[in-house]
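> Once you've had a glance at the structure underneath, I'll fire off some questions.
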Amino acid sequence: MQQLTPDMIMVLVMIGIAVFLFIVEWVRVDVVAILMMVALPLLHLVTPKEAFSGLSSNAVVSIIAVIIIGAGLDRTGIINRLVEPILKLAGRSQSRIVIFISLTVAGISSFMQNIGAAALFLPAIQRISKNLKIPIGKLLMPIGFSAILGGTVTLVGSSPLILLNDLIAPFKLKPFGLFEVTPVGLALVAAGIACFVCLGRFILPTPKAEEGSPAEQEEAQPAQLWEDLGRLWELTTPEDFTHYREPVTVDSLRRRYLVNVVALTEPPDFKIMGPAPQQEVRSRATLVVFGQEKDVRRMAQEEGMTLKDNIEVFKEEMLEHASGTVEAVVAPRSPLVGKTLNQVGLSERFRVTPLTVSRQGETFRADLGELPLRVGDSILLHGTWEHLQILHDERILLFASPVDAELMRPEKAFFAGLWLTVALVMVIVFKIQLSVCLMTGALGMIITRVLSIDEAYQSVDWRTIFLLAGLIPLGIATEKTGTAAWLAQTVLGALGTVEPIVLLTVIGLLSTVFTLVISNVGATVLLVPLVVNMALAAGTDPRMAAMVVGLATSNSFILPTHQVNALYMGPGRYRSVDFIKAGSLISVVFMVVMIGMLYLFF
Amino acid sequence: MAIITISRGSYSKGLEVAEKTAARLGYRVVSRDLLLEASDHFHIPEIKLVRAIHDAPSILDRLTHGRQGFLAYIQCALAEQAVQDNLVYHGLAGHLLLKGAPHVLKVRIIADLESRVAAEMQREGISAAEARSLLLKDDDERRRWTQSLYGVDPWDASLYDLVIHIHKLTVDDAVDFIVHAAERPCFQSTPEARRKMEDLALACRIKSVLVQNACYNVAVASEYGNVVLYHKSSGTRTLHVDPTIKRKIETIPGVNHLEEHSGMPAPPSAV
């Protein structure tokens, strides 16, 4: 048996440091990864070339390309159209959304690389979280875990399982069928989702104001304010609305019911966004108002309007990406100081609707038009992002939150869909390397102007890229120095001859530990020959032992080292602790379910 | 279908004009009985209300806000009457107390001093000099009253729609003019005008609640039942009405929404 060398000790120490830093988070996880990227070549554990090989690896380049493709799909509204049927089926309930999307993602990832499935769904999940105001942290982790678990459903679901038949070939064992692992995989997916649905509220992080960065805290404040103010409602006016009465204007509705009309139709179907105060409301018109429920209901009753359950006519215009609410502050030396909102005419000039004015903790809703503005007054405005952007560029108001003017390009939806199809066809039909196919799709989108190259760069989350790329040299060092082999041999050697179930459990645990530190492929390549030999010696089914390795190398939940976890860590604002908490439970469940299922079925 | 306020000096035949106008139009007449109503409603001795509306405010009044309170009660009683429409009010400051409502015909009746002196001599059995001095004192008192409370001179003709001098024109002529004016379209009570009167009455009710709870220096404006309390003096500090009083105000029928604005001028329609 191989001896423990100084290099091996060094690698073990580095792994220890990495895991320690992941847990205590003195620096962010991606910084830990960069630290590894730099320290390993300095210690001569890997060559400089190997140290940065992660940045050019197939997986990392694929992720960059997939993120760009995802951004393109989102920008053209395709994601919204995909999300719609999901939401229709799942409703607004958080657990039903989790179940539904998790199953979909698991289904997809059982046939393609799970990182691909996870990356493609990321914009959709972000969209759902924004639209339904569900904290993103509550959605991403269950779905990410499901993507990983989905990789265990078929033999082509994840790289370790794809390799399995090649690895057992030298031992003259019967190759595995495509669906041989399916019962175990399905049980794992079901158990994982069930865990999150039942225990989600205990194991998933609850977003707290103090945990967020200062910028996030600032964002939380207006949200609070908007809740007090109410929300958007859509109403229609009756046939006889204008009969025998003075004309009803946008301003008169606001004065009377404190309800702000933010959009309205001029029959038959001309849509006006941010109507001017003197705009008349006609019969059979549809209007979208921003207001408190009691005020809106009172208006509907007194004016004979029909209050709709959902926004229908202005659905597109009122989506999060098309219009929204921002807070703007009257700056010192602003030309608005001392003027009233009526004099400024924000609605007439910029087509944005002032909803409230806040001054020293007081929120004014009544008689807004006559309020002389002071320095520091904060005006809550509703409008389309385009109109808000124009007001923003005028520089008469300081915007407290950035104008979320991600301009949509629905007219480019065809190109976005086309390039996604091209990429997928290249992967599935022509079997070209994943990163090349996806990068072709991403480049296609940029050339056909689905999104600009700058937007493409901005959409890539560098935290994810460096976290993934930085961990790859650690895996290389572990394998190259023989540390992994030594560890495996030592553990299995110490075990001696035991019951098959104990052997399988130990193999499972070993695979889990390895996959957390070195790549799942590396762990599989290393462990399969070893465990097959062990199993033959112990009289256990060697195919079973190989399968345990293939499955358990997907049991990577405790640290954000798996590609999917690394991808979701940034957008989900997770910390390592969150992964340790939820991941430990899922890992234990994974082991129990896997061993149980194998015992039952084989 | 209008509200007519008649402002007059003493012995200017205003009472006669008011009664005859009301009779001709079939309207109700309200004057001193308003004070009785207010005194009943708010449990204030009538004499205090009389003094409040008649005498010029003293230094003490300014400190204790007493007069402001009494006026709020009187204004409240008047607004309640005016909501019911078809009303002739004669007495001091009706045109000021019912500000903001568009269908109020504001009339001032004046008479030349000599005929007023003669009338007073006859009624009170005093000498011409005494009567003259009393009338001048009375006029001065009222002038100071409106000036100190509303910052205007009651003799400023621009405050009124009609100023009629009873001298060559008789009382009946004056009634003719007023009836003719009251029938003009601009003085008809439209739904909008009635709504404004209701808002004024609501604001007055709230004002009297505030005054009862010793909240002075707060102006009240209401539009469609959306009530704004304006804190008159504050600089840049934010002032608040006590939450218990606010809750009391919110339970007043007709109040839809209540908020406070401080450090900004109250609109002219505020009470």
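Order determines the names: the first chain of the structure tokens is A, the second B, and so forth; residues in each chain are numbered 1 upward, and ligands are numbered 1 upward as they are shown.
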Taking only C-alpha atoms into account, report as number ranges by chain which residues of chain A lie within 12 Å of chain B.
A: 245-246, 252-259, 292, 294-295, 298-299, 338, 340, 357-376
> Could you pull the residues within 6 Å of segment 75-81 of chain B, counting only C-alpha atoms, minus those fewer than 2 positions along the same chain, as a list in words?
Ala38, Leu71, Ala72, Tyr73, Val83, Gln84, Leu97, Ala201, Cys204 and Arg205 of chain B
> DSSP on the backbone, strand (DSSP E or B) only: what residues of segment 192-405 of chain A does that give? Format it as number ranges by chain.
A: 231-236, 249, 260-266, 270-273, 280, 286-291, 306-307, 323-330, 340, 353-359, 362-364, 372, 378-384, 397-399
> What residues in segment 45-137 of chain B get the DSSP label helix (DSSP H, G or I)? Please answer as an NGL selection string.
:B and (46-54 or 59-64 or 66-83 or 94-97 or 113-124 or 128-137)
> May I ask which of the residues A:His562, A:Arg351, A:Lys133, A:Arg28 is the closest one to Arg463 of chain A, counting only C-alpha atoms?
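The shortest atom-to-atom distance to Arg463 of chain A comes from A:Arg28.
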> To one decimal place, how far is atom CA of Leu530 of chain A from atom CA of Ala488 of chain A in Å?
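According to the coordinates, atom CA of Leu530 of chain A and atom CA of Ala488 of chain A are separated by 7.9 Å.
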> Please, what distance in Å, to one decimal, runs between atom CA of Leu551 of chain A and atom CA of Lys431 of chain A?
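Taking atom CA of Leu551 of chain A and atom CA of Lys431 of chain A, their separation equals 24.3 Å.
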> Could you pull the residues within 10 Å of segment 166-170 of chain B, counting only C-alpha atoms, minus those fewer than 4 positions along the same chain, as JSON, numbers by chain?
{"B": [12, 13, 14, 17, 109, 110, 111, 112, 115, 174, 175, 176]}
> So how far away is atom CA of Arg297 of chain A from atom CA of Val281 of chain A, in Å?
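Separation between atom CA of Val281 of chain A and atom CA of Arg297 of chain A: 17.4 Å.
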> Tell me, as a list in words, which residues lie within 12 Å of Gly493 of chain A, counting only C-alpha atoms; anything in the same chain fewer than 4 positions away does not count.
Met1, Gln2, Ala485, Trp486, Leu487, Ala488, Gln489, Thr497, Val498, Leu503, Val506, Ile507, Leu530, Val531, Asn533, Met534, Ala537 and Ala538 of chain A
> Would you output that residue set with N, CA and C atoms, as a PDB file, in the first residue's frame?

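File written: selection27.pdb
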```
ATOM      1  N   MET A   1       0.837  -1.203   0.000  1.00  0.00           N
ATOM      2  CA  MET A   1       0.000   0.000   0.000  1.00  0.00           C
ATOM      3  C   MET A   1       0.869   1.248   0.000  1.00  0.00           C
ATOM      4  N   GLN A   2       0.325   2.264  -0.671  1.00  0.00           N
ATOM      5  CA  GLN A   2       1.074   3.507  -0.839  1.00  0.00           C
ATOM      6  C   GLN A   2       1.311   4.195   0.506  1.00  0.00           C
ATOM      7  N   ALA A 485      -6.458   8.291  -3.637  1.00  0.00           N
ATOM      8  CA  ALA A 485      -6.265   6.846  -3.669  1.00  0.00           C
ATOM      9  C   ALA A 485      -5.834   6.330  -2.300  1.00  0.00           C
ATOM     10  N   TRP A 486      -4.927   7.061  -1.669  1.00  0.00           N
ATOM     11  CA  TRP A 486      -4.437   6.646  -0.360  1.00  0.00           C
ATOM     12  C   TRP A 486      -5.577   6.598   0.654  1.00  0.00           C
ATOM     13  N   LEU A 487      -6.402   7.668   0.629  1.00  0.00           N
ATOM     14  CA  LEU A 487      -7.535   7.751   1.559  1.00  0.00           C
ATOM     15  C   LEU A 487      -8.479   6.565   1.369  1.00  0.00           C
ATOM     16  N   ALA A 488      -8.822   6.309   0.093  1.00  0.00           N
ATOM     17  CA  ALA A 488      -9.774   5.240  -0.198  1.00  0.00           C
ATOM     18  C   ALA A 488      -9.223   3.897   0.252  1.00  0.00           C
ATOM     19  N   GLN A 489      -7.962   3.681  -0.087  1.00  0.00           N
ATOM     20  CA  GLN A 489      -7.359   2.390   0.269  1.00  0.00           C
ATOM     21  C   GLN A 489      -7.283   2.224   1.779  1.00  0.00           C
ATOM     22  N   THR A 497     -13.302  -7.477   6.416  1.00  0.00           N
ATOM     23  CA  THR A 497     -14.451  -8.180   5.855  1.00  0.00           C
ATOM     24  C   THR A 497     -15.676  -7.890   6.705  1.00  0.00           C
ATOM     25  N   VAL A 498     -16.713  -7.335   6.044  1.00  0.00           N
ATOM     26  CA  VAL A 498     -17.925  -6.975   6.792  1.00  0.00           C
ATOM     27  C   VAL A 498     -19.156  -7.393   6.022  1.00  0.00           C
ATOM     28  N   LEU A 503     -20.639  -2.539   4.085  1.00  0.00           N
ATOM     29  CA  LEU A 503     -19.677  -2.194   3.037  1.00  0.00           C
ATOM     30  C   LEU A 503     -20.260  -1.143   2.101  1.00  0.00           C
ATOM     31  N   VAL A 506     -20.410   2.242   3.757  1.00  0.00           N
ATOM     32  CA  VAL A 506     -19.107   2.901   3.843  1.00  0.00           C
ATOM     33  C   VAL A 506     -18.694   3.437   2.478  1.00  0.00           C
ATOM     34  N   ILE A 507     -18.948   2.626   1.443  1.00  0.00           N
ATOM     35  CA  ILE A 507     -18.626   3.092   0.086  1.00  0.00           C
ATOM     36  C   ILE A 507     -19.412   4.370  -0.221  1.00  0.00           C
ATOM     37  N   LEU A 530     -11.575   0.375  -7.177  1.00  0.00           N
ATOM     38  CA  LEU A 530     -11.279  -0.048  -5.808  1.00  0.00           C
ATOM     39  C   LEU A 530     -12.424  -0.850  -5.201  1.00  0.00           C
ATOM     40  N   VAL A 531     -13.646  -0.263  -5.293  1.00  0.00           N
ATOM     41  CA  VAL A 531     -14.762  -0.918  -4.612  1.00  0.00           C
ATOM     42  C   VAL A 531     -15.167  -2.218  -5.297  1.00  0.00           C
ATOM     43  N   ASN A 533     -13.117  -4.340  -6.650  1.00  0.00           N
ATOM     44  CA  ASN A 533     -12.185  -5.319  -6.075  1.00  0.00           C
ATOM     45  C   ASN A 533     -12.583  -5.708  -4.661  1.00  0.00           C
ATOM     46  N   MET A 534     -12.898  -4.698  -3.856  1.00  0.00           N
ATOM     47  CA  MET A 534     -13.305  -4.937  -2.473  1.00  0.00           C
ATOM     48  C   MET A 534     -14.515  -5.860  -2.416  1.00  0.00           C
ATOM     49  N   ALA A 537     -13.815  -9.347  -3.232  1.00  0.00           N
ATOM     50  CA  ALA A 537     -13.135  -9.996  -2.111  1.00  0.00           C
ATOM     51  C   ALA A 537     -14.112 -10.316  -0.986  1.00  0.00           C
ATOM     52  N   ALA A 538     -15.090  -9.395  -0.751  1.00  0.00           N
ATOM     53  CA  ALA A 538     -16.005  -9.595   0.368  1.00  0.00           C
ATOM     54  C   ALA A 538     -17.203 -10.450  -0.012  1.00  0.00           C
TER      55      ALA A 538
END
```
